[in-house]
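See structure below.
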Amino acid sequence: MPIFSHDRRVLALALAGGAPAVVLALLYLRTATWPAAATIAAGIAVAAIWIAGAVLARRHVARPLQTVSNLLAALREGDFSIRARTSGGADPLEHVMFEINTLADTLRGQRLGAQEATALLHAVMAEIDVAIFAFDGQRRLVLVNRYGSRLLGLADADLIGRSAEALGLQSALQTPATLQDLSFAGGAGRWEVRRTRFFQGGSPHDLLALSDLSQPLREQEREAWRRLIRVIGHELNNSLAPIKSIAGSLESLLGREPLPADWRDDMTHGLGIIASRSDALGRFTSAYARLARLPPPSRVPTELGPLVRRVAPLDPRRPVALVEGPPVVVEADADQLEQLLINVTRNAVDAALETGGDVSLGWTLQDDWVEVRVEDEGPGLPSTGNLFVPFFTTKPGGSGIGLALSRQIAEGHGGTLTLENRGDRRGTRAILRLPRGGTHRDDPFHAAAS
């Protein structure tokens, strides 16, 4: 302990404070006419009281500081059960003890909250069907969840400390987010790979998450096939059922002896119906082929204004009001985009003809996006659930591919196409959102899936 420690300085100050009085007392005893023994005894008593008072002052100062030191050491060690005894006084020492007790309560609550959050995090990591890996700066594994261990086919103890290259995860750590076809001991398929950088102990770490997309993709594929087969089967039955019925009736007609007088008229009428349904079936298959053969867009800088102005007057059945927007350039295939706007505008005119309402076509800018809006005052949409289902239509003689083809064109340009009922009045609003020229936002997952 240094010679000038705090408690020794307190002792020295106490001795220095009492020294003048002791000196005066000794001088007085020296001049007193007391017996020598009494004078010496009185001098020893004065000195003893002086020293004892200084020692008590040192102890009175040092003991609270030792208590505070013990409490802070307990907090540092994580022991929040020790509390300082207080009497509710208003002196500074009471305030110090009260604040230490409050600090202990706060730290205890924070530790319990952190422990509960950590336990919840571990429980979630253990139960989710996503492989979680954490690598240090040298790309050695420091953390893995249960699904990740099962995927790699090894226990946690055998995985911790291994390099990403040895675990077959080196390629997954190369890109922040992508879709990759990966194969492991516990499974193979298409995986959504996400990588995040975080810091622990001041050093960078990489968090890698692998989500198996094979099962969801297969489910979506099966659902798409079921929906397609259901629609195609419905359309085929609509055409084949009357063909079969009329062919049977004509066969029965030809088998009569003698033939009826009007058998030629019946034959002509029946064959006409068969030809009509065959033509409808041919148009259906042609529409399907058209939807399936849509080529990728050849995107070039295209001025949107002239394209919209060209589409607005194309439908002669009803005038379409043009709502001009600011000049804007989009990266687009002009032919495909024009076909999209023609499809949507024709649908709006069809709806407006039912009610005698108006139709408008225009565009606006929204940050990095341009919105093309087609609004009508038709009867509105009873339901939006099947609007973009291929071959679904509510119009007599409709093919049911217009909106499906239009949305496919919009998504091919990195945009979206939505239909909604107007809130300000009766009618429907179609909104096409496209990225402005030079600001296309690539989606690695969509690109990889394509």
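Residues in the structure tokens are numbered from 1 in each chain, the chains being A, B, ... in the order shown, and ligands are numbered from 1 in the order shown.
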
_Neighbour list for Gly427 (chain A) as a ChimeraX atom specification, cut-off 7 Å, only C-alpha atoms, skip fewer than 5 positions in-chain_ = /A:376-380,421-422

*asked:* Which residues are close to Leu208 (chain A), i.e. within 7 Å by only C-alpha atoms, leaving aside same-chain residues fewer than 3 positions away? Reply as a ChimeraX atom specification.
replied: /A:132-134,194-196

Generate the output file for the selected residues, C-alpha atoms, as a PDB file, in the first residue's frame.
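Listing of result11.pdb after writing:
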ATOM      1  CA  ILE A 132     -27.532 -20.757 -38.985  1.00  0.00           C
ATOM      2  CA  PHE A 133     -23.728 -20.547 -39.017  1.00  0.00           C
ATOM      3  CA  ALA A 134     -21.463 -17.895 -37.481  1.00  0.00           C
ATOM      4  CA  ARG A 194     -28.075 -14.752 -46.772  1.00  0.00           C
ATOM      5  CA  ARG A 195     -24.903 -13.371 -45.188  1.00  0.00           C
ATOM      6  CA  THR A 196     -24.670 -10.607 -42.587  1.00  0.00           C
TER       7      THR A 196
END

*Hey, what's within 8 Å of region 240-257 of chain A if we count only C-alpha atoms and toss same-chain stuff fewer than 4 positions away? As a ChimeraX atom specification, please?*
/A:236,263,266-267,270,273-274,277

Write out the residues from the selection above, keeping C-alpha atoms, as a tab-separated table (two decimals), in the first residue's frame.
chain	number	residue	atom	x	y	z
A	236	LEU	CA	-61.66	-28.57	-72.74
A	263	TRP	CA	-81.93	-34.01	-91.99
A	266	ASP	CA	-79.92	-30.62	-88.85
A	267	MET	CA	-76.58	-31.90	-90.17
A	270	GLY	CA	-74.80	-29.60	-85.90
A	273	ILE	CA	-71.72	-25.97	-83.81
A	274	ILE	CA	-68.90	-28.54	-83.87
A	277	ARG	CA	-66.48	-25.14	-80.63

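Minimum atom-to-atom distances from A:Leu341, A:Leu179, A:Val329, A:Leu159 to Val308 (chain A) were compared using only C-alpha atoms, and the lowest value belongs to A:Leu341.
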
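Between Pro204 (chain A) and the candidates A:Gly137, A:Pro382, A:Gly189, A:Pro258, the tightest atom-to-atom separation, counting only C-alpha atoms, involves A:Gly137.
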
*Which neighbours of Asp335 (chain A) fall inside 10 Å, counting only C-alpha atoms, when residues of the same chain fewer than 4 positions from it are skipped, and could you give them as a PyMOL selection string?*
chain A and resi 297-298+307+339-340

Can I get the selected residues back with all heavy atoms, as a tab-separated table (two decimals), in the first residue's frame?
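File written: out_19.tsv
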chain	number	residue	atom	x	y	z
A	297	PRO	N	-37.91	-9.26	-72.23
A	297	PRO	CA	-37.97	-7.92	-72.83
A	297	PRO	C	-36.58	-7.45	-73.26
A	297	PRO	O	-35.58	-7.68	-72.58
A	297	PRO	CB	-38.53	-7.05	-71.71
A	297	PRO	CG	-38.18	-7.76	-70.44
A	297	PRO	CD	-38.20	-9.22	-70.78
A	298	SER	N	-36.55	-6.76	-74.42
A	298	SER	CA	-35.33	-6.10	-74.88
A	298	SER	C	-35.39	-4.66	-74.39
A	298	SER	O	-35.96	-3.77	-75.06
A	298	SER	CB	-35.24	-6.15	-76.41
A	298	SER	OG	-35.21	-7.49	-76.87
A	307	LEU	N	-45.25	7.05	-75.75
A	307	LEU	CA	-45.86	5.71	-75.78
A	307	LEU	C	-47.27	5.76	-75.23
A	307	LEU	O	-48.20	5.17	-75.80
A	307	LEU	CB	-44.97	4.75	-74.99
A	307	LEU	CG	-45.29	3.26	-75.12
A	307	LEU	CD1	-44.00	2.44	-74.97
A	307	LEU	CD2	-46.27	2.82	-74.05
A	339	GLN	N	-48.20	-3.23	-75.52
A	339	GLN	CA	-49.21	-4.28	-75.46
A	339	GLN	C	-49.85	-4.35	-74.08
A	339	GLN	O	-51.07	-4.54	-73.95
A	339	GLN	CB	-48.58	-5.63	-75.81
A	339	GLN	CG	-49.57	-6.79	-75.86
A	339	GLN	CD	-50.64	-6.58	-76.93
A	339	GLN	OE1	-50.33	-6.27	-78.07
A	339	GLN	NE2	-51.90	-6.74	-76.54
A	340	LEU	N	-49.06	-4.18	-73.03
A	340	LEU	CA	-49.59	-4.17	-71.66
A	340	LEU	C	-50.62	-3.06	-71.50
A	340	LEU	O	-51.73	-3.28	-71.01
A	340	LEU	CB	-48.44	-4.00	-70.67
A	340	LEU	CG	-48.74	-4.08	-69.17
A	340	LEU	CD1	-47.45	-4.41	-68.41
A	340	LEU	CD2	-49.30	-2.78	-68.61

*Run DSSP on the backbone and grab whatever in region 111-199 of chain A lands in strand (DSSP E or B); send it over as a PyMOL selection string.*
chain A and resi 130-135+140-144+163+177-184+187-199

*asked:* From a backbone DSSP assignment, name each residue in region 114-279 of chain A labelled helix (DSSP H, G or I), as number ranges by chain.
replied: A: 114-127, 146-152, 156-159, 171-173, 214-254, 263-279
